[in-house]
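To start, the structure itself, in structure tokens.
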Amino acid sequence: MGGVRTALYNYLYAKRHGGDFIIRIEDTDSQRFVPGAEKYIIEALNWCGIIPDEGVDAEGNVVETPSDRHPHAPYRQSQRKGIYRRYAEELVEKGCAYYAFDTAEELSAKRAEMEAEKKTFIYSHATRMSMRNSLSMPESEWKPLLESRTDWTIRFKMPEDRVVKMDDLIRGHVEVNTDTLDDKVLWKRADELPTYHLANIVDDHLMEITEVIRGEEWLPSLPLHYLLYEAFGWQDTMPRFAHLSLLLKPDGKGKLSKRDGDRLGFPVFPLRWTNAEGEVSRGYREDGYFPEAFVNMLAMLGWNPGDDRELFSMEDLIQAFSLERVIKSGARFNPDKARWFNREYLRMKSDAELAGLFIPVLESHGMQVVDCPKCAVTAGAELTPQGADFRNRIFTRGYVEKVVHLIKERATFVADFWDIASYLFAAPASFSEKDAAKFWKEENVTLAFKAAEFICGFGPEISAGPEFTKEQIEGPLEDYIRTSGWPMGKVMNCLRLALAGASSGLGIADIVALIGKRELAARMDHIRNTLGTGEKTNG
RNA sequence: GGUGGGUUCGUAUAACGGCUAGUACUCAAGAUUUUCAUUCUUGCAAUAGGGGUUCGAUUCCCCUACCCACUACCA
């Protein structure tokens with residue numbers, strides 16, 4: 001989530017200013033290579049509607065760059081391997097960096113030694129002359145090591161007692177004294193790869209990056225990056241920086257982790273992810289979130305438009321986005337609000353689109369959905385006027401759309417539809433015991449059957465075309481019950497129990513207009529056979 | 001430990017140094033409805049603490065507390 005939000009803000013900023021959004025894969029740590037991670041990232045961004053102008057696609061191919069733009073391929077740093085060494089050595093020649101020959105063991109021994117004295121070892125001006133490097137050793141001694149050994153590195157020579165003055169688009173002016181910084185490794189002879197710091201600065205320069213919008217964890221490295229641009233003499237084209245705050249866990253302390261999702265029951269990944277150990281982390285896509293809702297929710301986590309608007313399409317976000325309105329403090333993620341966003345987007349969707357998403361679910365429950373009444377008849381259906389055949393479980397797309405229209409206000413996800421509306425496709429398999437105990441008793445049952453008879457007698461014959469609409473039946477039914485002096489709530493709930501299996505659900509008029517008289521009669525028969533007529537039968 | 005960043009209702013956030021600190025989510029109550037849900041109305045609920053500057057501080061400054069990040073031949 002955090003990564004997607006960072007990408008989103010980058011994308012919005014780029015698009016807001018007519019720029020290009022570039023995806024570069026920073027895979028300079030061969031130890032931490034994760035198979036499938038790159039594909040996952042591109043797919044996740046794609047799902048969110050974040051499409052790069054330059055970079056690689058999910059298949060790993062280079063994205064076509066418009067002819068009026070500069071291409072900057074390749075976009076994987078592992079494929080750019082050859083270009084970094086000379087930049088690192090340029091820094092050595094300029095006296096801004098040096099060769100270091102300390103082994104990993106020597107370094108950790110040094111750290112342990114300092115730790116024993118309750119001090120922290122920092123490889124810097126204070127200590128570098130006591131280490132093994134091209135500054136502390138005579139040239140005659142270290143020069144041969146360059147050839148004979150393959151475990152040396154190039155380190156940045158952090159200047160002594162200098163205040164680096166930096167500007168951040170979100171945080172404003174920041175100053176840091178270089179004495180608190182260390183001589184970072186820039187390039188490793190062992191795998192001939194740069195570290196993040198060198199690769200990032202070189203590539204940002206080469207790729208003509210104008211703004212760097214990244215996570216807060218990079219803020220402590222910013223002075224190094226400033227100094228690197230300065231050392232290369234690139235300060236005139238140095239990008240502007242913006243450091244985003246982190247996403248925090250919904251409860252307690254600390255930043256959001258994938259464990260929180262498992263613990264509190266919400267996804268922290270955009271898409272489902274299976275790691276090398278086979279552990280599966282749920283994804284927003286698989287949990288039924290619309291990408292628009294996910295993006296909208298993420299956008300509002302740490303940014304606001306300055307007014308009360310909350311619902312934004314990607315286009316709206318591009319128009320409204322500005323770094324000035326990005327919040328400095330960490331944003332605590334709220335799963336309830338995420339669900340609320342999805343509910344809002346669900347309601348905005350057309351019945352046709354939602355029906356399209358619901359149909360596979362219906363099919364998985366054994367229903368057959370056909371495109372038109374004619375196709376239904378071809379498939380052997382005896383359709384009701386509304387387009388349903390309950391006996392053969394065949395329904396027209398139009399029928400599904402009518403159902404969706406009525407239930408979408410009651411759902412948060414498409415996945416909720418079946419639970420809410422299964423009785424509009426198949427007679428209830430069972431009846432809520434609690435509701436039956438409450439309503440299926442005494443004369444209410446008798447009255448419910450009379451009301452059902454009234455409905456069956458209302459409008460034209462079953463086979464004579466459209467029976468009635470909700471509007472046509474609702475008034476007369478209510479009048480009938482009321483003028484008979486019957487208890488409206490009890491009669492209606494008896495009917496609802498028969499039709500929906502419980503006392504919660506759509507209005508009776510809605511249900512009968514949808515399922516039709518024949519199905520109404522069938523369900524009344526069925527409940528009589530199952531629950532009886534409500535008379536007390538036990539002694 | 002050191003360095004840097006941060007702190008407004010439970011959460012996300014709004015508020016040129018100036019009205020009773022606003023809005024959304026959650027929660028609660030009420031209204032509507034044939035039930036449930038929806039919808040509508042109302043309510044609960046915050047400037048971390050202490051100093052200072054000022055006629056006036058959520059806003060600017062300092063201190064304290066707490067939170068976060070960094071402190072790798074990781075990004």
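Residue numbers start at 1 in each chain; chains themselves are named A, B, ... in the order of the structure tokens; ligands are numbered from 1 in the order shown.
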
Give the alpha helix (DSSP H) residues of segment 362-427 of chain A, as DSSP finds them on the backbone, and put them as a ChimeraX atom specification. /A:362-364,373-378,397-407,417-421

Residues of chain B near chain A: apply a cut-off of 7 Å, count only C-alpha atoms (C1' of nucleotides), and supply the list as an mmCIF file with C-alpha atoms (C1' of nucleotides), in the first residue's frame.
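Listing of part.cif after writing:
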data_model
loop_
_atom_site.group_PDB
_atom_site.id
_atom_site.type_symbol
_atom_site.label_atom_id
_atom_site.label_comp_id
_atom_site.auth_asym_id
_atom_site.auth_seq_id
_atom_site.Cartn_x
_atom_site.Cartn_y
_atom_site.Cartn_z
ATOM 1 C "C1'" U B 3 20.947 12.466 13.798
ATOM 2 C "C1'" G B 4 16.634 13.942 11.274
ATOM 3 C "C1'" G B 6 6.541 14.348 13.234
ATOM 4 C "C1'" U B 11 -9.260 7.446 12.498
ATOM 5 C "C1'" A B 12 -8.422 10.709 8.017
ATOM 6 C "C1'" U B 23 -15.994 18.016 7.502
ATOM 7 C "C1'" C B 25 -15.494 7.489 8.464
ATOM 8 C "C1'" U B 34 -44.109 -3.908 5.715
ATOM 9 C "C1'" U B 35 -38.563 -6.160 7.968
ATOM 10 C "C1'" C B 36 -33.439 -5.345 7.075
ATOM 11 C "C1'" A B 37 -30.578 -2.071 4.566
ATOM 12 C "C1'" U B 38 -30.720 2.752 2.499
ATOM 13 C "C1'" A B 69 12.673 6.910 10.271
ATOM 14 C "C1'" C B 70 17.817 6.460 9.600
ATOM 15 C "C1'" C B 73 29.207 -3.816 0.698
ATOM 16 C "C1'" C B 74 19.543 -3.224 1.675
ATOM 17 C "C1'" A B 75 16.606 -0.454 -0.901
#

Which residues come within 7 Å of Gly283 of chain A, counting only C-alpha atoms (C1' of nucleotides), excluding same-chain residues fewer than 5 positions away, as a list in words?
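Surrounding residues, per the criterion: Pro267, Val268, Phe269, Pro270, Leu271 and Arg272 of chain A.
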
Practice item. Find the residue from A:Gly501, A:Gly516, A:Gly356, A:Gly82 that sits nearest to Phe390 of chain A; use only C-alpha atoms when measuring. Key: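 Among A:Gly501, A:Gly516, A:Gly356, A:Gly82, it is A:Gly516 that comes nearest to Phe390 of chain A.
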
**Prompt:** atom CA of Ile481 of chain A and atom CA of Gly459 of chain A, how far apart in Å?
**Reply:**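 According to the coordinates, atom CA of Gly459 of chain A and atom CA of Ile481 of chain A are separated by 17.1 Å.
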
**Request:** Taking the chain letters and numbering used in this document, name the residues of segment 320-528 of chain A that DSSP puts in strand (DSSP E or B), as number ranges by chain.
**Result:** A: 326, 331-332, 368-370, 388-389, 394-396

Write a file of the just-selected residues containing C-alpha atoms, as a short mmCIF file (atom, residue, chain, number, x, y, z; two decimals), in the first residue's frame.
data_model
loop_
_atom_site.label_atom_id
_atom_site.label_comp_id
_atom_site.auth_asym_id
_atom_site.auth_seq_id
_atom_site.Cartn_x
_atom_site.Cartn_y
_atom_site.Cartn_z
CA VAL A 326 0.55 16.63 1.31
CA ALA A 331 -1.15 8.60 8.25
CA ARG A 332 -2.84 5.82 10.14
CA GLN A 368 -27.25 -19.91 -16.12
CA VAL A 369 -27.39 -16.36 -17.38
CA VAL A 370 -28.23 -15.66 -21.01
CA ALA A 388 -36.44 -15.70 -14.87
CA ASP A 389 -36.92 -19.45 -14.94
CA ILE A 394 -31.99 -19.76 -16.26
CA PHE A 395 -32.05 -15.97 -16.07
CA THR A 396 -31.68 -13.20 -18.59
#

Just to confirm, what's the straight-line distance from atom CA of Thr533 of chain A to atom CA of Phe431 of chain A in Å (one decimal)?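 Rounded to one decimal, the two atoms are 14.3 Å apart.
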